[in-house]
>>> print(open('run-v3.txt').read())   # compact mmCIF, C-alpha atoms
# COMPACT_ATOMS: atom_id res chain seq x y z
CA MET H 1 -19.10 22.98 -37.14
CA LYS H 2 -18.62 24.78 -33.84
CA GLU H 3 -18.64 22.78 -30.64
CA GLU H 4 -21.84 24.38 -29.33
CA GLU H 5 -23.64 23.45 -32.52
CA LEU H 6 -22.89 19.73 -32.12
CA PRO H 7 -25.81 17.54 -31.10
CA PRO H 8 -25.60 16.14 -27.57
CA PRO H 9 -23.68 12.83 -27.50
CA PHE H 10 -26.55 10.99 -25.83
CA PRO H 11 -29.75 12.75 -26.93
CA LEU H 12 -32.08 10.27 -25.27
CA ARG H 13 -30.39 10.43 -21.91
CA ARG H 14 -32.65 12.06 -19.35
CA LYS H 15 -31.18 14.96 -17.45
CA PRO H 16 -30.69 13.85 -13.86
CA GLU H 17 -33.20 15.70 -11.73
CA GLU H 18 -32.50 14.06 -8.42
CA VAL H 19 -28.82 13.81 -7.65
CA VAL H 20 -29.63 12.41 -4.23
CA PRO H 21 -32.10 9.49 -4.34
CA PRO H 22 -35.17 9.95 -2.12
CA PRO H 23 -34.24 7.39 0.58
CA PHE H 24 -30.95 9.21 1.24
CA ARG H 25 -32.37 12.71 1.26
CA PRO H 26 -33.25 13.05 4.95
CA ASN H 27 -29.82 11.81 6.00
CA VAL H 28 -27.97 14.06 3.56
CA VAL H 29 -29.97 17.12 4.67
CA ASN H 30 -29.42 16.29 8.32
CA VAL H 31 -25.67 15.74 7.99
CA LEU H 32 -25.08 18.88 5.95
CA CYS H 33 -27.38 21.12 7.99
CA THR H 34 -27.12 19.80 11.55
CA GLY H 35 -23.87 17.81 11.54
CA HIS H 36 -25.57 14.51 12.37
CA ALA H 37 -27.52 12.00 10.30
CA LEU H 38 -30.08 11.53 13.05
CA GLU H 39 -31.51 14.05 15.46
CA ILE H 40 -32.09 13.24 19.10
CA GLY H 41 -35.87 13.56 19.37
CA MET H 42 -38.01 14.18 22.45
CA VAL H 43 -38.56 10.49 23.21
CA MET H 44 -34.87 9.74 23.07
CA ARG H 45 -34.05 12.78 25.20
CA LYS H 46 -36.35 11.44 27.89
CA ARG H 47 -34.78 8.00 27.60
CA ARG H 48 -31.29 9.46 27.80
CA LYS H 49 -32.26 11.41 30.90
CA ARG H 50 -33.71 8.28 32.50
CA LEU H 51 -30.39 6.50 31.94
CA GLY H 52 -28.43 9.32 33.54
CA LEU H 53 -27.08 10.62 30.23
CA GLU H 54 -27.14 14.23 29.11
CA GLU H 55 -30.14 14.94 26.88
CA GLN H 56 -27.87 15.92 24.00
CA SER H 57 -24.73 13.83 23.88
CA PRO H 58 -21.91 15.98 25.28
CA GLY H 59 -19.38 17.34 22.87
CA LEU H 60 -21.21 16.28 19.72
CA ALA H 61 -22.47 18.78 17.16
CA TYR H 62 -25.91 18.47 18.78
CA SER H 63 -24.66 20.74 21.53
CA VAL H 64 -21.81 22.57 19.76
CA PRO H 65 -23.19 25.16 17.27
CA ALA H 66 -19.68 26.00 16.02
CA ALA H 67 -19.38 22.43 14.74
CA VAL H 68 -22.42 22.91 12.51
CA GLU H 69 -20.92 26.12 11.14
CA GLU H 70 -17.76 24.22 10.22
CA VAL H 71 -19.77 21.52 8.45
CA ARG H 72 -21.53 24.26 6.49
CA ARG H 73 -18.20 25.81 5.53
CA ILE H 74 -16.86 22.46 4.31
CA SER H 75 -20.04 21.79 2.39
CA GLU H 76 -19.91 25.21 0.74
CA SER H 77 -16.19 25.02 -0.03
CA LYS H 78 -16.68 21.65 -1.76
CA ARG H 79 -19.77 23.05 -3.53
CA VAL H 80 -21.91 20.18 -2.30
CA ASP H 81 -25.03 22.33 -1.85
CA GLU H 82 -24.75 23.53 -5.42
CA MET H 83 -24.15 20.00 -6.77
CA ILE H 84 -27.16 18.46 -5.10
CA GLY H 85 -29.47 21.47 -5.08
CA LEU H 86 -29.64 21.80 -1.31
CA ASP H 87 -31.29 24.83 0.21
CA ALA H 88 -29.50 24.71 3.55
CA ALA H 89 -31.42 27.62 5.07
CA ARG H 90 -34.75 25.85 4.56
CA ARG H 91 -33.26 22.39 5.05
CA ARG H 92 -34.70 20.98 1.85
CA PHE H 93 -33.82 20.31 -1.77
CA ARG H 94 -34.62 22.79 -4.51
CA TYR H 95 -35.58 19.96 -6.85
CA MET K 96 -1.93 5.61 35.53
CA VAL K 97 -5.49 5.92 34.26
CA THR K 98 -6.06 4.46 30.82
CA SER K 99 -7.93 6.85 28.59
CA TYR K 100 -9.29 6.90 25.08
CA SER K 101 -10.98 9.39 22.84
CA VAL K 102 -14.42 8.06 22.09
CA PHE K 103 -16.44 8.44 18.91
CA TRP K 104 -20.13 7.70 19.41
CA GLY K 105 -21.46 8.44 15.92
CA CYS K 106 -25.12 9.32 15.34
CA ALA K 107 -27.10 6.09 15.68
CA ILE K 108 -26.07 5.23 19.23
CA PRO K 109 -26.74 8.60 20.93
CA ALA K 110 -29.90 9.23 18.89
CA THR K 111 -31.54 5.79 18.76
CA MET K 112 -29.81 3.47 21.25
CA PRO K 113 -29.03 5.41 24.40
CA GLN K 114 -28.95 2.09 26.25
CA VAL K 115 -25.73 1.23 24.39
CA GLU K 116 -24.14 4.56 25.29
CA ALA K 117 -25.21 4.17 28.91
CA SER K 118 -23.83 0.63 29.01
CA ALA K 119 -20.52 1.68 27.46
CA ARG K 120 -20.08 4.57 29.86
CA ARG K 121 -20.77 2.31 32.84
CA VAL K 122 -18.50 -0.49 31.59
CA PHE K 123 -15.53 1.78 31.03
CA ALA K 124 -16.08 3.56 34.34
CA THR K 125 -16.12 0.16 36.11
CA LEU K 126 -12.90 -0.80 34.34
CA GLY K 127 -11.30 2.49 35.44
CA VAL K 128 -10.98 3.76 31.88
CA GLU K 129 -11.47 7.45 31.16
CA LEU K 130 -13.42 8.34 28.03
CA MET K 131 -12.51 11.67 26.43
CA GLU K 132 -15.21 13.18 24.24
CA VAL K 133 -14.27 14.41 20.78
CA MET K 134 -15.53 17.96 21.23
CA GLY K 135 -17.48 19.16 18.21
CA ALA K 136 -17.63 15.76 16.47
CA THR K 137 -20.25 15.33 13.78
CA CYS K 138 -21.57 12.41 11.76
CA CYS K 139 -18.58 10.31 10.65
CA PRO K 140 -20.08 11.04 7.87
CA LEU K 141 -22.46 8.36 6.70
CA PRO K 142 -20.71 6.60 3.81
CA GLU K 143 -23.89 5.42 2.04
CA ALA K 144 -25.37 8.88 1.80
CA ILE K 145 -22.51 11.38 1.67
CA ARG K 146 -19.73 9.52 -0.14
CA PRO K 147 -21.60 8.97 -3.42
CA VAL K 148 -22.67 12.60 -3.41
CA CYS K 149 -19.17 14.07 -3.00
CA GLU K 150 -16.19 11.98 -2.02
CA GLU K 151 -14.07 15.05 -1.26
CA ALA K 152 -16.65 16.40 1.17
CA TRP K 153 -17.01 12.97 2.77
CA LEU K 154 -13.26 12.83 3.27
CA ALA K 155 -13.06 16.41 4.53
CA LEU K 156 -15.82 15.85 7.10
CA ALA K 157 -14.20 12.61 8.28
CA GLY K 158 -10.84 14.38 8.38
CA ARG K 159 -12.34 17.11 10.54
CA ASN K 160 -13.52 14.50 13.04
CA LEU K 161 -10.08 12.90 13.06
CA ALA K 162 -8.41 16.28 13.54
CA LEU K 163 -10.66 16.99 16.52
CA ALA K 164 -9.92 13.54 17.98
CA ALA K 165 -6.19 14.08 17.55
CA ARG K 166 -6.39 17.04 19.95
CA ASN K 167 -7.06 14.62 22.80
CA ARG K 168 -3.75 12.86 22.03
CA ARG K 169 -5.28 9.46 22.71
CA ASP K 170 -6.26 6.51 20.54
CA LEU K 171 -9.70 7.03 19.07
CA MET K 172 -12.07 4.26 20.14
CA VAL K 173 -15.05 3.91 17.79
CA ILE K 174 -18.23 2.26 19.05
CA CYS K 175 -20.10 1.95 15.74
CA ASN K 176 -19.04 -0.28 12.82
CA GLY K 177 -20.05 2.26 10.19
CA CYS K 178 -18.10 5.07 11.83
CA PHE K 179 -15.11 2.77 12.27
CA ASP K 180 -15.12 1.97 8.58
CA THR K 181 -15.43 5.61 7.52
CA LEU K 182 -12.78 6.93 9.89
CA SER K 183 -10.33 4.09 9.12
CA GLU K 184 -10.69 4.59 5.40
CA ALA K 185 -10.43 8.36 5.69
CA ARG K 186 -7.33 8.10 7.83
CA ALA K 187 -5.70 5.70 5.37
CA ALA K 188 -6.58 7.96 2.45
CA MET K 189 -5.18 11.01 4.22
CA SER K 190 -2.05 9.34 5.54
CA ALA K 191 -1.01 8.04 2.13
CA PRO K 192 -3.19 9.74 -0.46
CA SER K 193 -1.34 8.33 -3.43
CA ALA K 194 -1.11 4.78 -2.08
CA GLY K 195 -4.58 4.57 -0.57
CA LYS K 196 -7.82 3.76 -2.29
CA GLY K 197 -9.18 7.22 -1.60
CA PRO K 198 -8.90 10.15 -3.94
CA ALA K 199 -5.46 11.70 -4.35
CA ILE K 200 -6.03 14.92 -2.47
CA ALA K 201 -3.02 16.83 -1.22
CA PRO K 202 -2.79 16.75 2.60
CA ALA K 203 -3.01 20.53 2.70
CA GLU K 204 -6.47 20.30 1.22
CA THR K 205 -7.65 17.50 3.48
CA PRO K 206 -9.40 18.29 5.72
CA ALA K 207 -10.93 21.38 4.19
CA ARG K 208 -8.89 24.58 4.44
CA SER K 209 -12.06 26.43 5.24
CA CYS K 210 -12.58 24.55 8.49
CA PRO K 211 -10.91 26.22 11.53
CA SER K 212 -10.78 22.93 13.46
CA CYS K 213 -8.50 21.46 10.83
CA GLN K 214 -5.98 24.28 10.47
CA THR K 215 -3.24 23.29 12.91
CA PRO K 216 -0.83 20.77 11.39
CA GLU K 217 -0.16 18.96 14.68
CA THR K 218 -3.84 18.20 15.10
CA TRP K 219 -4.25 16.99 11.56
CA GLY K 220 -6.25 13.78 11.48
CA GLY K 221 -3.57 11.48 10.08
CA ALA K 222 -1.93 11.40 13.51
CA VAL K 223 -4.73 9.69 15.40
CA ARG K 224 -4.97 5.90 15.70
CA VAL K 225 -8.48 4.65 14.95
CA ARG K 226 -9.45 1.54 16.92
CA HIS K 227 -12.67 -0.43 17.07
CA LEU K 228 -14.26 -0.92 20.47
CA VAL K 229 -13.71 -4.68 20.17
CA GLU K 230 -10.02 -4.16 19.45
CA VAL K 231 -9.62 -2.01 22.57
CA LEU K 232 -11.47 -4.48 24.79
CA SER K 233 -9.60 -7.46 23.41
CA ASP K 234 -6.08 -6.04 23.19
CA ASP K 235 -5.95 -3.68 26.17
CA LEU K 236 -8.67 -4.60 28.62
CA LEU K 237 -9.40 -8.32 28.34
CA ASP K 238 -7.81 -9.24 31.68
CA SER K 239 -9.52 -6.34 33.45
CA LEU K 240 -12.80 -7.39 31.89
CA ARG K 241 -12.37 -11.00 33.07
CA ARG K 242 -11.50 -9.85 36.59
CA ALA K 243 -14.39 -7.39 36.75
CA ALA K 244 -17.04 -9.78 35.40
CA LYS K 245 -19.07 -10.47 38.52
CA LEU K 246 -21.77 -12.40 36.74
CA PRO K 247 -20.41 -14.64 34.00
CA LEU K 248 -23.39 -14.49 31.70
CA GLY K 249 -23.66 -18.18 30.84
CA LEU K 250 -25.61 -17.29 27.72
CA ARG K 251 -25.62 -19.09 24.41
CA VAL K 252 -25.18 -16.33 21.86
CA ALA K 253 -25.12 -16.15 18.10
CA ILE K 254 -23.03 -13.36 16.65
CA GLN K 255 -23.81 -10.65 14.14
CA PRO K 256 -20.48 -9.00 13.43
CA GLY K 257 -21.70 -6.88 10.52
CA CYS K 258 -20.24 -6.51 7.03
CA ARG K 259 -17.83 -3.74 7.86
CA PHE K 260 -16.34 -5.81 10.63
CA THR K 261 -15.08 -8.44 8.21
CA LYS K 262 -14.59 -6.14 5.25
CA TYR K 263 -12.13 -7.35 2.63
CA GLY K 264 -12.00 -10.76 4.36
CA ASN K 265 -10.22 -9.29 7.36
CA LEU K 266 -11.04 -11.65 10.22
CA HIS K 267 -8.83 -10.34 13.03
CA LEU K 268 -11.63 -8.24 14.52
CA LEU K 269 -13.99 -11.21 14.42
CA GLU K 270 -11.54 -13.28 16.47
CA LYS K 271 -11.26 -10.47 19.00
CA PHE K 272 -15.04 -10.22 19.20
CA LEU K 273 -15.22 -13.93 20.04
CA ALA K 274 -12.50 -13.54 22.68
CA VAL K 275 -14.40 -10.71 24.40
CA LEU K 276 -17.65 -12.69 24.42
CA GLU K 277 -15.88 -15.67 25.94
CA ALA K 278 -14.34 -13.41 28.60
CA LEU K 279 -17.88 -12.34 29.50
CA GLY K 280 -18.86 -15.98 30.01
CA CYS K 281 -20.88 -16.41 26.81
CA GLU K 282 -20.94 -19.58 24.78
CA VAL K 283 -20.69 -18.51 21.16
CA VAL K 284 -22.77 -20.57 18.74
CA ARG K 285 -21.40 -20.23 15.22
CA CYS K 286 -23.80 -19.98 12.29
CA GLU K 287 -23.24 -20.37 8.57
CA THR K 288 -25.00 -17.09 7.89
CA GLU K 289 -23.14 -15.05 10.50
CA LYS K 290 -21.13 -13.19 7.85
CA VAL K 291 -24.15 -12.61 5.63
CA CYS K 292 -25.30 -9.00 5.48
CA CYS K 293 -28.27 -8.27 7.77
CA GLY K 294 -30.04 -6.54 4.87
CA PHE K 295 -29.96 -3.01 6.27
CA PRO K 296 -28.35 -1.41 3.17
CA ALA K 297 -31.30 -2.63 1.08
CA THR K 298 -33.61 -0.41 3.12
CA TYR K 299 -32.06 2.48 1.19
CA LEU K 300 -33.53 1.09 -2.03
CA ASP K 301 -36.67 2.85 -3.01
CA GLY K 302 -40.01 1.14 -2.53
CA GLU K 303 -41.17 -2.40 -1.94
CA ILE K 304 -38.23 -4.15 -3.59
CA GLY K 305 -35.81 -2.74 -1.06
CA GLN K 306 -38.13 -3.75 1.74
CA ARG K 307 -38.39 -7.30 0.44
CA ILE K 308 -34.66 -7.76 -0.10
CA SER K 309 -33.90 -6.36 3.30
CA GLU K 310 -36.43 -8.57 5.08
CA SER K 311 -35.43 -11.71 3.22
CA ARG K 312 -31.79 -11.21 4.26
CA ALA K 313 -32.71 -10.71 7.89
CA CYS K 314 -35.13 -13.64 7.93
CA LEU K 315 -32.49 -15.92 6.41
CA LYS K 316 -30.18 -15.17 9.32
CA LEU K 317 -32.87 -15.23 11.98
CA GLY K 318 -34.16 -18.59 10.74
CA GLU K 319 -30.80 -20.24 11.16
CA ILE K 320 -30.09 -18.57 14.49
CA ARG K 321 -33.46 -19.65 15.92
CA GLY K 322 -32.71 -23.22 14.93
CA LYS K 323 -29.58 -23.16 17.07
CA GLY K 324 -31.52 -22.47 20.25
CA VAL K 325 -29.55 -19.43 21.36
CA ASP K 326 -30.54 -16.96 24.07
CA CYS K 327 -29.71 -13.85 22.06
CA ILE K 328 -27.73 -12.34 19.25
CA ALA K 329 -24.61 -10.39 20.16
CA ALA K 330 -23.87 -7.56 17.76
CA VAL K 331 -21.53 -4.60 17.49
CA CYS K 332 -23.25 -2.66 14.72
CA PRO K 333 -26.26 -0.42 15.54
CA ALA K 334 -27.60 -0.81 11.99
CA CYS K 335 -27.60 -4.62 12.31
CA ILE K 336 -29.37 -4.45 15.69
CA ASN K 337 -32.00 -2.14 14.26
CA GLN K 338 -32.49 -4.28 11.17
CA LEU K 339 -32.77 -7.61 13.03
CA GLU K 340 -35.27 -6.15 15.49
CA VAL K 341 -37.42 -4.45 12.86
CA ALA K 342 -37.46 -7.58 10.68
CA GLN K 343 -38.81 -9.58 13.62
CA LEU K 344 -41.52 -7.01 14.33
CA ARG K 345 -42.59 -7.02 10.67
CA ALA K 346 -42.73 -10.81 10.64
CA ARG K 347 -44.96 -10.97 13.74
CA PRO K 348 -48.30 -10.52 11.96
CA ARG K 349 -47.32 -13.43 9.72
CA GLY K 350 -47.07 -15.67 12.78
CA ALA K 351 -43.29 -15.63 13.21
CA ALA K 352 -41.69 -17.28 16.22
CA ALA K 353 -41.11 -15.44 19.50
CA GLY K 354 -38.71 -12.54 19.47
CA LEU K 355 -34.99 -13.15 19.58
CA PRO K 356 -33.26 -10.33 21.46
CA CYS K 357 -30.36 -8.64 19.75
CA LEU K 358 -27.97 -6.94 22.15
CA HIS K 359 -24.91 -4.81 21.65
CA LEU K 360 -21.65 -6.15 23.06
CA MET K 361 -21.56 -3.22 25.49
CA GLU K 362 -24.91 -4.24 26.97
CA LEU K 363 -23.70 -7.79 27.54
CA ALA K 364 -20.52 -6.43 29.11
CA ALA K 365 -22.52 -4.14 31.41
CA LEU K 366 -24.68 -7.07 32.57
CA ALA K 367 -21.60 -9.20 33.21
CA LEU K 368 -20.04 -6.38 35.23
CA GLY K 369 -23.07 -6.34 37.50
CA HIS K 370 -25.09 -3.43 36.11
CA GLY K 371 -28.81 -4.10 36.30
CA PRO K 372 -31.04 -4.23 33.22
CA ASP K 373 -33.03 -1.22 34.46
CA GLU K 374 -29.87 0.76 35.02
CA ILE K 375 -28.72 0.25 31.43
CA GLY K 376 -32.19 0.45 29.85
CA LEU K 377 -32.49 -3.01 28.31
CA ASP K 378 -36.24 -2.50 28.10
CA MET K 379 -35.64 0.11 25.40
CA HIS K 380 -35.08 -2.60 22.81
CA ARG K 381 -37.90 -3.27 20.38
CA ILE K 382 -37.54 -6.98 21.10
CA LYS K 383 -37.66 -7.10 24.89
CA PRO K 384 -35.05 -9.41 26.33
CA ALA K 385 -37.25 -10.68 29.20
CA ARG K 386 -36.66 -14.36 28.43
CA LEU K 387 -32.94 -13.78 28.07
CA LEU K 388 -32.76 -12.00 31.38
CA GLY K 389 -34.51 -14.88 33.07
CA ALA K 390 -31.96 -17.28 31.61
CA GLY K 391 -28.93 -15.12 32.25
CA GLY K 392 -28.21 -15.21 35.95
CA GLY K 393 -31.63 -14.56 37.38
CA TYR K 394 -32.21 -11.05 36.08
CA THR K 395 -35.75 -9.85 35.93
CA ASP K 396 -36.87 -7.42 33.32
CA GLY K 397 -38.15 -4.46 35.29
>>> encode(input="run-v3.txt", output="structure tokens")
Amino acid sequence: MKEEELPPPFPLRRKPEEVVPPPFRPNVVNVLCTGHALEIGMVMRKRRKRLGLEEQSPGLAYSVPAAVEEVRRISESKRVDEMIGLDAARRRFRY
Amino acid sequence: MVTSYSVFWGCAIPATMPQVEASARRVFATLGVELMEVMGATCCPLPEAIRPVCEEAWLALAGRNLALAARNRRDLMVICNGCFDTLSEARAAMSAPSAGKGPAIAPAETPARSCPSCQTPETWGGAVRVRHLVEVLSDDLLDSLRRAAKLPLGLRVAIQPGCRFTKYGNLHLLEKFLAVLEALGCEVVRCETEKVCCGFPATYLDGEIGQRISESRACLKLGEIRGKGVDCIAAVCPACINQLEVAQLRARPRGAAAGLPCLHLMELAALALGHGPDEIGLDMHRIKPARLLGAGGGYTDG
């Protein structure tokens, strides 16, 4: 019997549809698409300004677009997007 | 000579706790310490979310951050417990791939070849020394901190070191944390549950079960701490601060006791060094530390 004709070893096992569990999805998308797990929202920007801080923390990927490009390159070279079904352009999962 | 460190802020502090960043910047400026930004740094990356997805990518992203930090040619001071854990582990894995617990990836492949920031061998991340904020304060700046403390806080504090702080039973950072708090004039009240997880990781579990586990953990700690009659909880992990504050807010409708403020070590240091609560944004906490400020040297919560 040829290999492709063999029955699957675990026929009742469900094919994994969600590689990344729902609670982790926003963080994974953010890290792989923006470089940071959390974005600095409007409220926090105002608070940062009030405290004399720059609205986007200096030096971090928030304010360095090249850093995000490098994260994308790493993610693509390690085939993470493909593994987890990430549509980086639309910042969401395909499934 | 001016002491200087590279500083790694992570995501949680700049994006959710600017008061901690503001406090840290003011404390180090007062101590005459220069903070050098790691230009282009990203998420450490988050071990809970990225590592299980792809360990190689997790390591490559951490390695990229270390390579960027190495350009500053200074020790890398990490403010967040989670980032400290990731960057320490990544550095260990990259420095001795075969001996470490990390995957055996050849140094040439770690960090990723495709990343321009990681190309130059001399800036490769294995060269940088990763140090926790508490380690820097305790080992390098304790005397300066004692001298600069204008207002010994005189607070009774419980501690929340966080799991990653005492990972693998390593207690040296905990001892340093206690030394720094004592230098700031705090009386540390020890609790049996201080090394128990705050419950934050359970928030990643889907649905109500995660919520219940997470809240029960936090309430276990908070119950004991309240019984000790402390003024506040001193923490060094942003996730723990968030969790202990949120758990108290959720318990309020059920008639829970008055809020127990949970402050980052940097905020306590800033207060001790004479920075006002308005200046460092203490009112940005979910559990307002008004009572604490009244008890701690006559501050008023503006």
>>> residues_around(input="run-v3.txt", residues="Asn30 of chain H", least_positions_apart="5", cutoff="8 Å", atoms="all atoms listed in the file", output="number ranges by chain")
H: 35-39, 91
>>> residues_around(input="run-v3.txt", residues="Leu130 of chain K", least_positions_apart="2", cutoff="7 Å", atoms="only C-alpha atoms", output="list in words")
Ser99, Tyr100, Ser101, Val102, Val128 and Glu132 of chain K
>>> interface_residues(input="run-v3.txt", of="chain K", to="chain H", cutoff="8 Å", atoms="all atoms listed in the file", output="MDAnalysis selection string")
chainID K and resid 106:107 109:111 113:114 117 132:138 140:141 144:145 148:149 151:152 155:156 207 209:212 299:301 374:376
>>> atom_distance(input="run-v3.txt", atom1="atom CA of Arg226 of chain K", atom2="atom CA of Cys292 of chain K")
22.2 Å
>>> atom_distance(input="run-v3.txt", atom1="atom CA of Cys332 of chain K", atom2="atom CA of Asn176 of chain K")
5.2 Å
>>> atom_distance(input="run-v3.txt", atom1="atom CA of Val291 of chain K", atom2="atom CA of Glu277 of chain K")
22.1 Å
>>> axis_aligned_box(input="run-v3.txt", around="segment 346-354 of chain K", padding_each_side="4 Å", output="JSON")
{"center_x": -43.5, "center_y": -13.9, "center_z": 14.6, "size_x": 17.6, "size_y": 14.8, "size_z": 17.8}
>>> residues_around(input="run-v3.txt", residues="Ile108 of chain K", least_positions_apart="6", cutoff="7 Å", atoms="only C-alpha atoms", output="list in words")
Val115, Glu116 and Pro333 of chain K
>>> closest_residue(input="run-v3.txt", among="K:Val341, K:Cys314, K:Met172, K:Leu279", to="Glu362 of chain K", atoms="all atoms listed in the file")
K:Leu279
>>> build_atoms(input="run-v3.txt", residues="segment 46-68 of chain H", atoms="N, CA and C atoms", output="compact mmCIF listing (two decimals), in the coordinates of the input")
# COMPACT_ATOMS: atom_id res chain seq x y z
N LYS H 46 -35.81 11.93 26.61
CA LYS H 46 -36.35 11.44 27.89
C LYS H 46 -35.66 10.15 28.29
N ARG H 47 -35.45 9.27 27.30
CA ARG H 47 -34.78 8.00 27.60
C ARG H 47 -33.35 8.23 28.08
N ARG H 48 -32.67 9.16 27.41
CA ARG H 48 -31.29 9.46 27.80
C ARG H 48 -31.25 9.98 29.24
N LYS H 49 -32.21 10.84 29.56
CA LYS H 49 -32.26 11.41 30.90
C LYS H 49 -32.49 10.30 31.93
N ARG H 50 -33.40 9.39 31.59
CA ARG H 50 -33.71 8.28 32.50
C ARG H 50 -32.47 7.43 32.80
N LEU H 51 -31.59 7.33 31.78
CA LEU H 51 -30.39 6.50 31.94
C LEU H 51 -29.22 7.28 32.55
N GLY H 52 -29.49 8.53 32.91
CA GLY H 52 -28.43 9.32 33.54
C GLY H 52 -27.49 9.96 32.53
N LEU H 53 -27.91 9.98 31.26
CA LEU H 53 -27.08 10.62 30.23
C LEU H 53 -27.57 12.05 30.02
N GLU H 54 -26.70 12.87 29.45
CA GLU H 54 -27.14 14.23 29.11
C GLU H 54 -28.14 14.12 27.95
N GLU H 55 -29.09 15.03 27.90
CA GLU H 55 -30.14 14.94 26.88
C GLU H 55 -29.56 15.00 25.47
N GLN H 56 -28.60 15.88 25.27
CA GLN H 56 -27.87 15.92 24.00
C GLN H 56 -26.47 15.42 24.32
N SER H 57 -26.02 14.44 23.57
CA SER H 57 -24.73 13.83 23.88
C SER H 57 -23.64 14.90 23.98
N PRO H 58 -22.87 14.89 25.06
CA PRO H 58 -21.91 15.98 25.28
C PRO H 58 -20.82 16.01 24.21
N GLY H 59 -20.50 17.20 23.80
CA GLY H 59 -19.38 17.34 22.87
C GLY H 59 -19.77 17.19 21.41
N LEU H 60 -20.84 16.47 21.12
CA LEU H 60 -21.21 16.28 19.72
C LEU H 60 -21.85 17.55 19.14
N ALA H 61 -21.95 17.57 17.83
CA ALA H 61 -22.47 18.78 17.16
C ALA H 61 -23.87 19.15 17.64
N TYR H 62 -24.59 18.18 18.24
CA TYR H 62 -25.91 18.47 18.78
C TYR H 62 -25.84 19.66 19.75
N SER H 63 -24.75 19.70 20.51
CA SER H 63 -24.66 20.74 21.53
C SER H 63 -23.51 21.72 21.27
N VAL H 64 -22.90 21.65 20.08
CA VAL H 64 -21.81 22.57 19.76
C VAL H 64 -22.14 23.29 18.44
N PRO H 65 -22.79 24.47 18.51
CA PRO H 65 -23.19 25.16 17.27
C PRO H 65 -22.03 25.45 16.32
N ALA H 66 -20.84 25.69 16.88
CA ALA H 66 -19.68 26.00 16.02
C ALA H 66 -19.36 24.83 15.09
N ALA H 67 -19.65 23.62 15.56
CA ALA H 67 -19.38 22.43 14.74
C ALA H 67 -20.26 22.44 13.48
N VAL H 68 -21.50 22.87 13.66
CA VAL H 68 -22.42 22.91 12.51
C VAL H 68 -21.94 23.96 11.51
